[in-house]
Structures are given as structure tokens and as C-alpha cells.
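Asks: One structure, pasted below without further comment.
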Amino acid sequence: MKLATWNVNSLKVRLGHLTDWLAAAQPDVVCLQELKLEDAKFPREELAAAGYQSACFGQKTYNGVAILARAPLAEVEFGIPGFADEQKRVIAATVGGVRVVCVYCPNGQAVGSDKYEYKLRWFTALRDYLAAERARHPELAVAGDFNVAPEDRDVHDPKAWEGQVHVSGPERSAWRALLETGLVDAFRSFEQPEKSFSWWDYRMMGFRRNAGLRIDHILLSPPLSARCTGVSIDKAPRRLERPSDHTPVIAEISNI
DNA sequence: ATGGCTACGATCCGTAGA
């Protein structure tokens with residue numbers, strides 16, 4: 001099974017990139033973030049024609065998440081249960097026995113801001129939710145845009161970013177708390193190229209300079225981690241005209 | 001020099017992203 005995550009930064013703008021990429025990469029399950037469109041405008045038919053069923057939790061202008069899969073999506077759940085939130089950031093579904101949670105974690109804007117406080121509160125709720133999901137579903141995959149670069153090697157210029165939002169101590173602690181529920185950062189289970197990133201700023205030719213962050217992640221429970229044979233970042237879509245600022249991350253999980 | 005793009009929904013600028 002190929003499981004992918006991609007923050008498309010407007011599904012309306014990126015639909016062509018997405019369908020081309022689905023045909024090229026042939027993922028079985030795809031978690032999408034930042035759809036920036038409401039459910040009524042979700043391109044269900046176009047994605048069905050590409051061979052994918054979908055579950056969508058959309059929102060106009062901001063946020064919005066979806067899961068695509070070639071196999072049926074069951075037990076679809078919207079948001080973090082018990083955490084009241086206007087922002088559509090989480091959707092979960094069971095595909096082929098695997099519980100898939102798609103997340104678009106808050107940006108946080110700036111350390112100390114209201115949005116930063118919201119981000120930390122949100123991560124606490126996510127951790128509790130994932131701990132409960134872990135207990136219910138042995139095969140759990142959590143994929144999405146976490147808006148946290150876990151370590152300095154996930155940052156193009158750690159000195160420049162020191163203490164900033166996405167790398168601050170409390171955010172990295174919140175990230176580690178997710179791992180402490182018994183999940184593995186699948187990307188780091190394998191040898192990877194130096195300076196591997198999943199997001200590059202549109203400004204200052206960030207992609208050309210490889211001035212990026214690794215903030216898009218796939219977390220796997222131990223039974224899935226044991227069957228994971230590789231994780232890679234696909235930079236091809238970032239080279240296209242009018243790209244998303246994020247690029248897909250793909251995990252290959254064997255069925256044995 | 002704290003900016004530089006991009007998307008969106010509102011106008012021809014403000015908000016947000018990261």
C-alpha cells in the first residue's frame with residue numbers, strides 16, 4: 001500500500017497537478033490538506049474518474065482536509081471528537097483495515113500569539129485523540145501537515161529559525177508527545193538525503209535555494225512501521241508551474 | 001530593511017500561510 005500526504009494549498013488551483021500526480025505516483029491512499037473549498041465544491045467526480053473514492057471535510061477559504069482511496073472508506077470521522085473547533089483540520093477513515101487520520105495542524109503564526117496558544121491547545125487535543133485511536137486501531141497511520149520541524153536537521157538554516165514558530169521548544173515537545181502515544185516518524189526510519197524538506201517558501205526562490213522545512217509527516221503505529229519499506233519526498237510537483245508550496249510525502253507499506 | 005510570493009475574497013488592499 002502506498003500512503004501519501006500532500007498540502008495542495010487550494011484544491012481548485014491544484015486539481016490538475018493532483019490528478020497528474022495520482023496517475024504518475026499511483027498512491028492507494030492520499031491525505032490532502034488546505035483544500036480551501038467547501039464540501040459542495042469538492043471535485044468528487046473528477047477524482048472518481050481518476051480512480052479514487054473520497055471523504056471530504058471542507059471549508060471555504062481556509063483549511064479543509066480530505067482522504068482519497070482506491071478502496072472504500074469506512075467509519076469516516078470529522079474533526080477531533082470532543083474538541084470544539086470551527087476550523088476543519090482533521091478527517092479520519094478506515095481503508096483496508098488501516099485507520100488513516102489526515103491532519104492539518106495549525107500554523108501558529110508567531111510564538112506568543114493567540115494562534116500559537118491555539119496551536120499548542122490543538123496539539124494537546126490531537127495527542128489525546130491519537131492515544132485513543134491507537135487503543136482502538138492497531139494499524140494506525142497519521143499523515144498530514146504538522147507545521148512542526150521536529151529537529152534542526154529538518155530546517156535549512158537552524159540558526160535563522162532558532163526559537164521561531166515551527167521549531168520552538170513547546171512545539172517540538174508537542175510533536176514528541178504525539179510520538180509518545182506509540183507512533184513512529186516513518187521518514188526517519190530510513191536513511192535519507194541531507195537537507196530533505198517538504199515545504200519551501202514561495203518568496204526568495206526558496207525552492208531553488210532548497211531553503212525549506214520538513215513539516216509534512218507520516219506517523220505509523222508499530223504494526224505498520226514494521227511493514228513500512230520506505231518513505232520518500234516527491235519533489236516533482238514543486239517544479240511545475242504554479243505549484244503548491246508543499247510537496248507530497250509517500251510511505252510504502254507491504255501487505256504481508 | 002522583518003520584506004520578498006500565493007490564494008482568497010474583497011476590491012485595487014487586507015488576511016493568512018510558514
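In the C-alpha cells, each chain is lettered A, B, ... as it comes, each chain's residues begin at 1, and ligands are numbered from 1 in order of appearance.
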Counting only C-alpha atoms (C1' of nucleotides), give me one row per residue of chain A with an atom at most 6 Å from an atom of chain B, showing the shortest contact pair and its distance in Å to one decimal, sorted by chain then residue number, as JSON lines.
Replies:
```
{"residue": "A:Thr61", "atom": "CA", "partner": "B:DC8", "partner_atom": "C1'", "distance": 5.9}
{"residue": "A:Tyr202", "atom": "CA", "partner": "B:DC5", "partner_atom": "C1'", "distance": 4.7}
{"residue": "A:Arg203", "atom": "CA", "partner": "B:DC5", "partner_atom": "C1'", "distance": 4.6}
{"residue": "A:Met204", "atom": "CA", "partner": "B:DG4", "partner_atom": "C1'", "distance": 5.7}
```
Asks: Counting only C-alpha atoms (C1' of nucleotides), what is within 12 Å of Met205 of chain A, bar same-chain residues fewer than 6 positions away, as a PDB file with N, CA and C atoms (P, O5', C5', C4', C3', O3' and C1' of nucleotides), in the first residue's frame?
Replies:
```pdb
ATOM      1  N   ALA A 211      15.813  26.215   0.458  1.00  0.00           N
ATOM      2  CA  ALA A 211      15.584  26.837   1.762  1.00  0.00           C
ATOM      3  C   ALA A 211      14.203  26.398   2.243  1.00  0.00           C
ATOM      4  N   GLY A 212      14.164  25.220   2.867  1.00  0.00           N
ATOM      5  CA  GLY A 212      12.866  24.642   3.235  1.00  0.00           C
ATOM      6  C   GLY A 212      12.823  24.115   4.652  1.00  0.00           C
ATOM      7  N   ARG A 238       6.672  20.173  -7.174  1.00  0.00           N
ATOM      8  CA  ARG A 238       7.120  21.518  -6.765  1.00  0.00           C
ATOM      9  C   ARG A 238       7.810  22.238  -7.920  1.00  0.00           C
ATOM     10  N   ARG A 239       8.219  21.498  -8.956  1.00  0.00           N
ATOM     11  CA  ARG A 239       8.922  22.098 -10.093  1.00  0.00           C
ATOM     12  C   ARG A 239       7.954  22.589 -11.171  1.00  0.00           C
ATOM     13  N   ASP A 245       3.162  25.165  -2.304  1.00  0.00           N
ATOM     14  CA  ASP A 245       4.446  25.361  -1.619  1.00  0.00           C
ATOM     15  C   ASP A 245       4.893  24.085  -0.876  1.00  0.00           C
TER      16      ASP A 245
ATOM     17  P    DG B   4       6.407  41.693   0.984  1.00  0.00           P
ATOM     18  O5'  DG B   4       7.224  41.041  -0.216  1.00  0.00           O
ATOM     19  C5'  DG B   4       8.112  41.858  -0.955  1.00  0.00           C
ATOM     20  C4'  DG B   4       9.200  40.989  -1.561  1.00  0.00           C
ATOM     21  C3'  DG B   4       8.686  39.663  -2.160  1.00  0.00           C
ATOM     22  O3'  DG B   4       9.272  39.535  -3.425  1.00  0.00           O
ATOM     23  C1'  DG B   4      10.462  39.253  -0.685  1.00  0.00           C
ATOM     24  P    DC B   5       8.789  38.578  -4.525  1.00  0.00           P
ATOM     25  O5'  DC B   5       7.614  37.682  -3.934  1.00  0.00           O
ATOM     26  C5'  DC B   5       6.665  37.210  -4.798  1.00  0.00           C
ATOM     27  C4'  DC B   5       6.548  35.719  -4.682  1.00  0.00           C
ATOM     28  C3'  DC B   5       5.275  35.217  -5.357  1.00  0.00           C
ATOM     29  O3'  DC B   5       5.462  33.887  -5.783  1.00  0.00           O
ATOM     30  C1'  DC B   5       5.082  35.005  -3.002  1.00  0.00           C
TER      31       DC B   5
END
```
Asks: One decimal, in Å: what's the spacing between atom CA of Leu224 of chain A and atom CA of His137 of chain A?
Replies: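 For atom CA of Leu224 of chain A relative to atom CA of His137 of chain A, the distance reads 11.1 Å.
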Asks: Would you please extract all helix (DSSP H, G or I) residues from segment 139-179 of chain A, as assigned by DSSP on the backbone, and give them as number ranges by chain?
Replies: A: 152-154, 158-161, 169-179
Asks: Residues near Leu3 of chain A, anyone? I mean within 12 Å using only C-alpha atoms (C1' of nucleotides), not counting same-chain ones fewer than 4 positions away, as a ChimeraX atom specification.
Replies: /A:22,25-32,67-70,95-96,98-102,140-144,186,217-220,224,228-233,248-254
Asks: Extract, using only C-alpha atoms (C1' of nucleotides), all DNA, RNA and protein residues at most 7 Å from segment 156-165 of chain A, discarding same-chain residues fewer than 5 positions from it, and format them as a count of residues only.
Replies: 8
Asks: Per DSSP on the backbone, what are the strand (DSSP E or B) residues of segment 42-191 of chain A, as a ChimeraX atom specification?
Replies: /A:53-57,65-69,74-78,90-95,98-104,140-145,155,184-185
Asks: Closest to Lys12 of chain A among A:Leu130, A:Pro223, A:Arg89, A:Ser244, using only C-alpha atoms?
Replies: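 That would be A:Ser244, the residue with the smallest distance to Lys12 of chain A.
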